[in-house]
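To be precise, the following lines are run23.csv, and they hold CSV, C-alpha atoms.
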```
chain,number,residue,atom,x,y,z
A,97,MET,CA,-18.5,23.7,23.4
A,98,PRO,CA,-18.7,21.3,26.4
A,99,ALA,CA,-16.8,22.2,29.6
A,100,GLU,CA,-14.4,19.2,29.2
A,101,GLU,CA,-13.6,20.2,25.6
A,102,THR,CA,-13.0,23.8,26.7
A,103,GLY,CA,-10.6,22.6,29.4
A,104,ALA,CA,-8.8,20.3,26.9
A,105,ALA,CA,-8.5,23.1,24.4
A,106,GLY,CA,-7.2,25.5,27.0
A,107,ALA,CA,-4.7,23.0,28.2
A,108,ALA,CA,-3.4,22.3,24.8
A,109,GLY,CA,-3.2,26.1,24.1
A,110,ALA,CA,-1.3,26.8,27.3
A,111,ALA,CA,1.2,24.0,26.6
A,112,GLY,CA,1.5,25.1,23.0
A,113,SER,CA,2.6,28.6,24.0
A,114,VAL,CA,5.9,27.3,25.4
A,115,GLY,CA,8.2,26.9,22.4
A,116,GLU,CA,11.9,27.2,21.5
A,117,LEU,CA,13.3,30.4,23.0
A,118,THR,CA,14.7,33.1,20.8
A,119,PRO,CA,18.4,34.2,21.2
A,120,ALA,CA,17.2,37.5,22.7
A,121,ALA,CA,15.1,35.7,25.3
A,122,ARG,CA,18.0,33.4,26.2
A,123,ARG,CA,20.3,36.4,26.8
A,124,LEU,CA,17.6,38.1,28.9
A,125,TYR,CA,17.1,35.0,31.0
A,126,ALA,CA,20.9,34.8,31.7
A,127,TYR,CA,20.8,38.4,32.7
A,128,ALA,CA,17.7,37.9,34.9
A,129,VAL,CA,19.1,34.9,36.9
A,130,GLU,CA,22.0,37.1,38.1
A,131,ARG,CA,19.7,39.6,39.7
A,132,HIS,CA,17.0,39.6,42.3
A,133,ALA,CA,14.8,41.9,40.1
A,134,PHE,CA,15.0,44.2,37.1
A,135,ASP,CA,12.8,46.3,34.8
A,136,ALA,CA,12.6,46.6,31.1
A,137,ALA,CA,14.7,49.8,30.9
A,138,GLU,CA,17.5,48.3,32.9
A,139,ALA,CA,17.6,45.2,30.7
A,140,THR,CA,17.4,47.2,27.5
A,141,GLU,CA,20.4,49.3,28.6
A,142,ALA,CA,22.4,46.3,29.6
A,143,LEU,CA,21.7,44.1,26.6
A,144,GLY,CA,21.7,46.9,24.0
A,145,VAL,CA,18.3,45.8,22.5
A,146,ARG,CA,14.7,46.4,23.4
A,147,ALA,CA,13.8,43.9,26.1
A,148,ALA,CA,10.0,44.2,26.1
A,149,ALA,CA,9.4,41.3,23.5
A,150,ALA,CA,11.9,39.0,25.3
A,151,ILE,CA,10.2,39.7,28.6
A,152,THR,CA,6.8,38.8,27.1
A,153,GLU,CA,8.3,35.6,25.7
A,154,LEU,CA,9.9,34.5,29.0
A,155,ALA,CA,6.8,35.3,30.9
A,156,ALA,CA,4.7,33.1,28.6
A,157,ALA,CA,7.2,30.3,29.2
A,158,HIS,CA,6.8,30.8,33.0
A,159,LEU,CA,10.6,31.7,33.2
A,160,LEU,CA,9.9,35.2,34.4
A,161,GLN,CA,7.4,36.4,37.1
A,162,ARG,CA,6.6,39.8,38.6
A,163,ALA,CA,9.1,40.4,41.4
A,164,PRO,CA,7.1,40.4,44.6
A,165,GLY,CA,6.9,43.6,46.6
A,166,THR,CA,8.7,45.7,43.9
A,167,GLY,CA,5.9,47.0,41.8
A,168,GLN,CA,4.3,45.9,38.5
A,169,ASP,CA,7.2,46.7,36.2
A,170,ARG,CA,9.9,44.7,37.9
A,171,TRP,CA,10.7,41.0,37.0
A,172,SER,CA,12.6,38.1,38.5
A,173,ALA,CA,13.8,34.8,37.1
A,174,VAL,CA,12.0,31.5,37.8
A,175,ALA,CA,13.9,28.2,38.1
A,176,PRO,CA,13.5,26.0,35.0
A,177,ARG,CA,12.0,23.1,37.0
A,178,ALA,CA,9.4,25.3,38.6
A,179,ALA,CA,8.6,26.8,35.1
A,180,ALA,CA,8.3,23.3,33.7
A,181,ALA,CA,5.8,22.3,36.5
A,182,ARG,CA,3.7,25.4,35.8
A,183,ALA,CA,3.8,24.8,32.0
A,184,LEU,CA,3.0,21.1,32.3
A,185,ALA,CA,0.2,21.5,34.8
A,186,PRO,CA,-2.5,22.1,32.0
A,187,LEU,CA,-1.2,19.0,30.1
A,188,ALA,CA,-1.3,16.9,33.2
A,189,LEU,CA,-4.9,18.0,33.7
A,190,LEU,CA,-5.6,17.1,30.1
A,191,VAL,CA,-4.1,13.6,30.5
A,192,ARG,CA,-6.2,12.9,33.6
A,193,GLU,CA,-9.3,14.1,31.9
A,194,THR,CA,-8.5,12.0,28.8
A,195,HIS,CA,-7.9,8.9,30.9
A,196,ASP,CA,-11.2,9.5,32.7
A,197,GLU,CA,-13.0,9.8,29.4
A,198,MET,CA,-11.3,6.7,28.1
A,199,ASP,CA,-12.5,4.7,31.1
A,200,ARG,CA,-16.1,6.0,30.7
A,201,LEU,CA,-16.1,5.2,27.0
A,202,ARG,CA,-14.6,1.7,27.6
A,203,GLY,CA,-17.3,1.1,30.2
A,204,ARG,CA,-20.1,2.1,27.9
A,205,LEU,CA,-18.8,-0.2,25.1
A,206,GLU,CA,-18.0,-3.1,27.3
A,207,ALA,CA,-21.5,-3.1,28.6
A,208,LEU,CA,-22.5,-4.3,25.1
A,209,VAL,CA,-20.2,-7.4,25.2
A,210,PRO,CA,-22.9,-9.8,26.5
A,211,ALA,CA,-25.3,-8.8,23.7
A,212,TYR,CA,-22.6,-9.2,21.1
A,213,GLU,CA,-21.4,-12.6,22.3
A,214,ALA,CA,-25.0,-13.9,22.5
A,215,GLY,CA,-25.6,-12.6,18.9
A,216,THR,CA,-22.5,-14.2,17.5
A,217,ALA,CA,-23.3,-17.5,19.1
A,218,HIS,CA,-26.7,-17.5,17.5
A,219,ARG,CA,-25.2,-16.5,14.2
A,220,ASP,CA,-22.6,-19.3,14.3
A,221,LEU,CA,-25.4,-21.8,15.1
A,222,SER,CA,-27.6,-20.7,12.3
A,223,GLY,CA,-24.7,-20.5,9.7
A,224,SER,CA,-25.5,-16.9,9.0
A,225,GLY,CA,-22.5,-15.0,7.6
A,226,ARG,CA,-20.8,-18.2,6.2
A,227,LEU,CA,-22.9,-18.2,3.0
A,228,GLU,CA,-23.0,-15.0,1.0
A,229,LEU,CA,-24.8,-14.4,-2.3
A,230,VAL,CA,-23.0,-12.0,-4.6
A,231,THR,CA,-25.1,-11.1,-7.6
A,232,ASP,CA,-23.0,-8.4,-9.3
A,233,LEU,CA,-20.5,-9.8,-11.9
A,234,GLY,CA,-18.0,-7.0,-11.3
A,235,ALA,CA,-18.1,-7.7,-7.5
A,236,VAL,CA,-17.7,-11.5,-8.2
A,237,ARG,CA,-14.6,-10.8,-10.4
A,238,GLY,CA,-13.1,-8.5,-7.7
A,239,LEU,CA,-13.7,-11.1,-5.0
A,240,ILE,CA,-12.0,-13.8,-7.1
A,241,GLY,CA,-9.0,-11.5,-7.6
A,242,GLU,CA,-8.8,-10.9,-3.9
A,243,LEU,CA,-9.1,-14.6,-3.1
A,244,VAL,CA,-6.5,-15.6,-5.7
A,245,ALA,CA,-4.1,-13.0,-4.3
A,246,ALA,CA,-4.5,-14.4,-0.8
A,247,CYS,CA,-4.3,-18.0,-1.8
A,248,GLU,CA,-1.3,-19.7,-0.2
A,249,ARG,CA,-1.5,-23.5,-0.9
A,250,GLU,CA,-3.9,-24.7,-3.6
A,251,LEU,CA,-6.6,-23.5,-5.9
A,252,LEU,CA,-9.1,-26.0,-7.2
A,253,THR,CA,-11.4,-25.0,-10.2
A,254,SER,CA,-14.1,-26.8,-11.9
A,255,GLN,CA,-15.2,-25.2,-15.2
A,256,PRO,CA,-18.1,-26.9,-17.1
A,257,GLY,CA,-19.4,-25.7,-20.4
A,258,GLY,CA,-16.7,-26.6,-22.9
A,259,GLY,CA,-14.2,-24.0,-24.1
A,260,ARG,CA,-14.0,-20.8,-22.0
A,261,PRO,CA,-14.7,-17.4,-23.6
A,262,LEU,CA,-11.6,-15.6,-24.8
A,263,GLU,CA,-12.4,-12.6,-22.6
A,264,ALA,CA,-12.5,-14.8,-19.5
A,265,LEU,CA,-9.2,-16.4,-20.4
A,266,GLU,CA,-7.5,-13.1,-21.0
A,267,GLU,CA,-8.7,-11.8,-17.6
A,268,SER,CA,-7.5,-14.9,-15.7
A,269,ILE,CA,-4.2,-15.7,-17.4
A,270,GLY,CA,-2.1,-13.1,-15.7
A,271,ARG,CA,-3.7,-13.7,-12.3
A,272,ASP,CA,-3.2,-17.5,-12.6
A,273,GLU,CA,0.4,-17.2,-13.8
A,274,SER,CA,1.2,-14.9,-10.8
A,275,LEU,CA,-0.4,-17.5,-8.5
A,276,LEU,CA,1.7,-20.4,-9.9
A,277,THR,CA,4.9,-18.4,-9.8
A,278,ARG,CA,4.3,-18.0,-6.0
A,279,GLY,CA,4.4,-21.7,-5.7
A,280,VAL,CA,0.6,-22.2,-5.2
A,281,ARG,CA,-0.7,-25.5,-6.6
A,282,MET,CA,-3.5,-25.3,-9.1
A,283,ARG,CA,-5.8,-28.0,-10.4
A,284,THR,CA,-8.5,-27.5,-13.0
A,285,ILE,CA,-11.2,-29.7,-14.5
A,286,TYR,CA,-12.9,-28.9,-17.8
A,287,GLN,CA,-15.3,-30.9,-19.9
A,288,HIS,CA,-14.0,-32.9,-22.9
A,289,THR,CA,-15.3,-30.4,-25.4
A,290,ALA,CA,-12.9,-27.8,-24.0
A,291,ARG,CA,-10.1,-29.7,-25.8
A,292,TYR,CA,-11.4,-28.4,-29.2
A,293,SER,CA,-11.3,-24.7,-28.1
A,294,ARG,CA,-8.1,-23.2,-29.4
A,295,PRO,CA,-8.0,-20.3,-26.9
A,296,THR,CA,-8.7,-22.7,-24.0
A,297,ALA,CA,-5.9,-25.1,-25.3
A,298,ALA,CA,-3.5,-22.2,-25.5
A,299,TYR,CA,-4.3,-21.1,-22.0
A,300,VAL,CA,-3.9,-24.7,-20.7
A,301,GLU,CA,-0.5,-24.9,-22.4
A,302,ARG,CA,0.7,-21.7,-20.7
A,303,VAL,CA,-0.4,-22.6,-17.2
A,304,THR,CA,0.7,-26.3,-17.3
A,305,ALA,CA,4.2,-25.0,-18.3
A,306,LEU,CA,4.2,-23.3,-14.9
A,307,GLY,CA,3.1,-26.5,-13.0
A,308,ALA,CA,-0.7,-26.4,-13.2
A,309,GLN,CA,-2.6,-29.6,-13.7
A,310,VAL,CA,-5.6,-29.7,-16.0
A,311,ARG,CA,-7.9,-32.6,-16.7
A,312,THR,CA,-11.2,-33.1,-18.6
A,313,LEU,CA,-14.4,-35.0,-17.8
A,314,GLY,CA,-17.6,-35.7,-19.9
A,315,ASP,CA,-20.4,-34.8,-17.5
A,316,GLY,CA,-21.2,-34.1,-13.8
A,317,LEU,CA,-19.2,-31.0,-13.3
A,318,MET,CA,-20.3,-28.2,-11.0
A,319,ARG,CA,-18.8,-24.7,-11.6
A,320,MET,CA,-16.9,-23.8,-8.5
A,321,LEU,CA,-13.6,-22.5,-7.1
A,322,ILE,CA,-12.0,-23.6,-3.8
A,323,PHE,CA,-9.2,-21.6,-2.2
A,324,ASP,CA,-7.0,-23.4,0.3
A,325,GLU,CA,-9.9,-25.7,1.3
A,326,HIS,CA,-11.1,-22.6,3.3
A,327,THR,CA,-13.3,-20.6,1.0
A,328,GLY,CA,-15.4,-21.7,-2.0
A,329,LEU,CA,-17.3,-20.0,-4.8
A,330,MET,CA,-20.2,-21.8,-6.5
A,331,ALA,CA,-22.3,-20.8,-9.5
A,332,VAL,CA,-25.9,-19.9,-8.9
A,333,PRO,CA,-28.4,-21.7,-11.1
A,334,ASP,CA,-30.4,-19.4,-13.5
A,335,ARG,CA,-28.5,-16.3,-12.2
A,336,SER,CA,-25.7,-15.6,-14.7
A,337,GLY,CA,-22.7,-13.8,-13.2
A,338,ALA,CA,-23.8,-14.5,-9.6
A,339,ALA,CA,-21.8,-16.6,-7.1
A,340,LEU,CA,-22.4,-18.1,-3.7
A,341,VAL,CA,-19.5,-17.5,-1.4
A,342,VAL,CA,-19.0,-20.4,1.0
A,343,ARG,CA,-17.0,-20.1,4.2
A,344,GLU,CA,-18.8,-22.9,6.2
A,345,PRO,CA,-16.1,-25.5,6.7
A,346,SER,CA,-18.4,-28.5,6.3
A,347,VAL,CA,-19.8,-27.2,3.0
A,348,VAL,CA,-16.3,-26.3,1.7
A,349,HIS,CA,-15.2,-29.9,2.7
A,350,PHE,CA,-18.1,-31.3,0.7
A,351,MET,CA,-17.1,-29.2,-2.4
A,352,THR,CA,-13.5,-30.3,-2.1
A,353,SER,CA,-14.6,-34.0,-1.9
A,354,ALA,CA,-16.8,-33.6,-4.9
A,355,PHE,CA,-13.9,-32.1,-6.8
A,356,GLU,CA,-11.5,-34.9,-5.8
A,357,ARG,CA,-14.0,-37.5,-7.0
A,358,SER,CA,-14.3,-35.8,-10.4
A,359,TRP,CA,-10.5,-35.5,-10.6
A,360,LEU,CA,-10.0,-39.2,-10.1
A,361,GLY,CA,-12.3,-40.0,-13.1
A,362,ALA,CA,-11.0,-37.2,-15.4
A,363,GLU,CA,-8.3,-37.5,-18.1
A,364,PRO,CA,-5.3,-35.3,-18.5
A,365,PHE,CA,-5.8,-32.4,-20.9
A,366,SER,CA,-3.5,-32.7,-23.8
A,367,THR,CA,-3.1,-29.6,-26.0
A,368,THR,CA,-2.5,-31.8,-29.0
A,369,VAL,CA,-5.4,-34.3,-29.6
A,370,SER,CA,-4.3,-37.5,-31.5
A,371,PRO,CA,-6.9,-39.3,-33.8
A,372,ASP,CA,-7.2,-42.1,-31.3
A,373,ALA,CA,-7.7,-39.8,-28.4
A,374,ALA,CA,-10.3,-37.8,-30.4
A,375,ARG,CA,-12.2,-41.0,-31.2
A,376,SER,CA,-12.0,-42.1,-27.5
A,377,ILE,CA,-13.4,-38.8,-26.3
A,378,SER,CA,-16.1,-38.8,-29.0
A,379,ASP,CA,-17.2,-42.3,-28.0
A,380,GLU,CA,-17.4,-41.3,-24.3
A,381,LEU,CA,-19.4,-38.3,-25.1
A,382,ARG,CA,-21.8,-40.3,-27.2
A,383,GLN,CA,-22.2,-42.8,-24.4
A,384,THR,CA,-23.0,-40.0,-22.1
A,385,ILE,CA,-25.6,-38.6,-24.5
A,386,VAL,CA,-27.2,-42.1,-24.6
A,387,ARG,CA,-27.4,-42.1,-20.9
A,388,LEU,CA,-28.9,-38.6,-20.6
A,389,LEU,CA,-31.3,-39.3,-23.5
A,390,SER,CA,-32.6,-42.4,-21.8
A,391,GLU,CA,-33.3,-40.3,-18.8
A,392,GLY,CA,-35.6,-38.2,-20.9
A,393,LEU,CA,-33.6,-35.0,-20.8
A,394,GLU,CA,-34.2,-32.4,-23.5
A,395,ASP,CA,-31.6,-31.6,-26.2
A,396,LYS,CA,-30.7,-28.2,-24.8
A,397,VAL,CA,-30.3,-29.6,-21.3
A,398,ILE,CA,-28.0,-32.4,-22.6
A,399,ALA,CA,-26.0,-29.9,-24.7
A,400,ARG,CA,-25.6,-27.6,-21.7
A,401,ARG,CA,-24.4,-30.4,-19.4
A,402,LEU,CA,-21.8,-31.6,-22.0
A,403,GLY,CA,-20.6,-28.1,-22.9
A,404,MET,CA,-21.5,-28.3,-26.6
A,405,SER,CA,-23.8,-26.5,-28.9
A,406,GLU,CA,-27.4,-27.6,-29.2
A,407,ARG,CA,-26.9,-28.2,-32.9
A,408,THR,CA,-24.0,-30.5,-32.4
A,409,CYS,CA,-25.9,-32.3,-29.7
A,410,GLN,CA,-28.9,-32.8,-32.0
A,411,ARG,CA,-26.5,-34.2,-34.7
A,412,HIS,CA,-25.2,-36.8,-32.2
A,413,ILE,CA,-28.7,-37.7,-31.1
A,414,ALA,CA,-29.8,-38.2,-34.8
A,415,GLU,CA,-26.9,-40.6,-35.3
A,416,ILE,CA,-27.8,-42.5,-32.1
A,417,MET,CA,-31.5,-42.7,-33.2
A,418,ARG,CA,-30.4,-44.2,-36.5
A,419,ALA,CA,-28.2,-46.7,-34.7
A,420,VAL,CA,-31.1,-48.0,-32.5
A,421,GLY,CA,-33.6,-47.8,-35.3
A,422,ALA,CA,-35.8,-45.2,-33.6
A,423,LYS,CA,-38.1,-43.0,-35.7
A,424,SER,CA,-38.7,-40.4,-33.0
A,425,ARG,CA,-37.0,-39.0,-30.1
A,426,PHE,CA,-39.6,-40.5,-27.7
A,427,GLN,CA,-39.0,-44.0,-29.3
A,428,ALA,CA,-35.3,-43.5,-29.0
A,429,GLY,CA,-35.6,-42.8,-25.3
A,430,TYR,CA,-37.8,-45.8,-24.7
A,431,LEU,CA,-35.5,-48.1,-26.6
A,432,LEU,CA,-32.4,-46.8,-24.9
A,433,SER,CA,-34.0,-47.1,-21.4
A,434,ALA,CA,-34.9,-50.7,-22.3
A,435,ALA,CA,-31.4,-51.6,-23.6
A,436,PRO,CA,-28.7,-50.8,-21.1
A,437,ALA,CA,-25.8,-50.8,-23.6
A,438,PRO,CA,-27.0,-49.9,-27.1
A,439,ALA,CA,-24.5,-49.8,-29.9
A,440,THR,CA,-23.5,-46.4,-31.0
A,441,PRO,CA,-21.9,-45.4,-34.3
A,442,SER,CA,-18.1,-44.9,-34.2
A,443,PRO,CA,-16.6,-42.2,-36.4
A,444,ALA,CA,-14.5,-43.4,-39.3
A,445,PRO,CA,-10.7,-43.2,-38.7
A,446,SER,CA,-9.2,-39.9,-39.9
A,447,PRO,CA,-5.6,-38.9,-40.4
A,448,ALA,CA,-6.0,-35.6,-38.5
A,449,PRO,CA,-7.6,-34.9,-35.1
A,450,ALA,CA,-10.6,-33.0,-36.5
A,451,ASP,CA,-13.1,-31.6,-34.0
A,452,PRO,CA,-16.0,-34.1,-34.1
A,453,HIS,CA,-18.2,-32.0,-31.8
A,454,GLY,CA,-18.6,-28.7,-33.7
A,455,PRO,CA,-18.6,-25.3,-31.9
A,456,ALA,CA,-19.2,-25.6,-28.2
```
Translate this file's structure into structure tokens.
Amino acid sequence: MPAEETGAAGAAGAAGSVGELTPAARRLYAYAVERHAFDAAEATEALGVRAAAAITELAAAHLLQRAPGTGQDRWSAVAPRAAAARALAPLALLVRETHDEMDRLRGRLEALVPAYEAGTAHRDLSGSGRLELVTDLGAVRGLIGELVAACERELLTSQPGGGRPLEALEESIGRDESLLTRGVRMRTIYQHTARYSRPTAAYVERVTALGAQVRTLGDGLMRMLIFDEHTGLMAVPDRSGAALVVREPSVVHFMTSAFERSWLGAEPFSTTVSPDAARSISDELRQTIVRLLSEGLEDKVIARRLGMSERTCQRHIAEIMRAVGAKSRFQAGYLLSAAPAPATPSPAPSPAPADPHGPA
């Protein structure tokens, strides 16, 4: 054990030996202060109890000392303040040694301050630490839970891909309801096809009852969440379950601006879709398919961007090809690119708001 640790341990041990006095020791001390000196036999006779243990206790507390010039077996009382000075001397030494060690440690650590400040300055300039890739789905979910719990003003979410899976909705409903009951504002954008997902519509009905605002858009959504315009999460292309955590203010500002532009062009999510609204949404989706088809995108890419199944997307594309008189997909793309506003077939009016898009 190092010398300074030995000294500290010894000081603590010496201080720890002074405790609450027993009644016998108190009686013996009162007896001792009335005399210049005494021995154990005299004290035992006067007090009626064996005094040896009490003498040992008082000596350990520095309240008794060997009476000078009277032999080894005689004792005299020590004033309490003098005993306190003797008892506290090891602790005072320990305090001084501790302060000295604190100063040495502080000096060693503060010597690293210039290197730390230079490193953090370089990190801030490079943007390192403000973008974090999280690839584990469980870690992403845990992070979202933490950010939702810490959110104080507003949560913005953009959820492309049509109706959300039931598992995801069940996981988020309690968290989102807690957020809304705290008075945090919440705005969400889905794609139009989410209107035909019963679980999604039921979720929307619950959160809008608590003040959330939900709208839908046909295309152009990026999957992201923005917390208090301070921290953002973005989906990572071709890495399912991964998320990019963004804390760089300028990037978060860009994400917020993109959300606001989409929000202005989106339509309120109604949990009951009227026939007219269904036809309007269907026509908008078909016009979007026309635009994407004329850009030469593949069926699966168009379906993914619109949040619908590839089979449903192919059915719409077949109807559009018939409308423009195309015999092949290549010909349809050529004709659509040559004609800015081709006519598209409109669904026949129906008395009930049937889902014209099939499973998403």
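Between atom CA of Gly258 of chain A and atom CA of Glu394 of chain A the interatomic distance comes to 18.4 Å.
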Which residue of A:Leu227, A:Leu117, A:Leu143, A:Leu262 approaches Ala298 of chain A most closely, using only C-alpha atoms: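 Closest to Ala298 of chain A, using only C-alpha atoms: A:Leu262.
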Point-to-point distance in Å for atom CA of Gly257 of chain A and atom CA of Ala290 of chain A: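 That distance, rounded to one decimal, is 7.7 Å.
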Best match for closeness to Ala338 of chain A among A:Gly234, A:Pro176, A:Pro295, A:Pro210, counting only C-alpha atoms: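 Smallest distance to Ala338 of chain A is found for A:Gly234.
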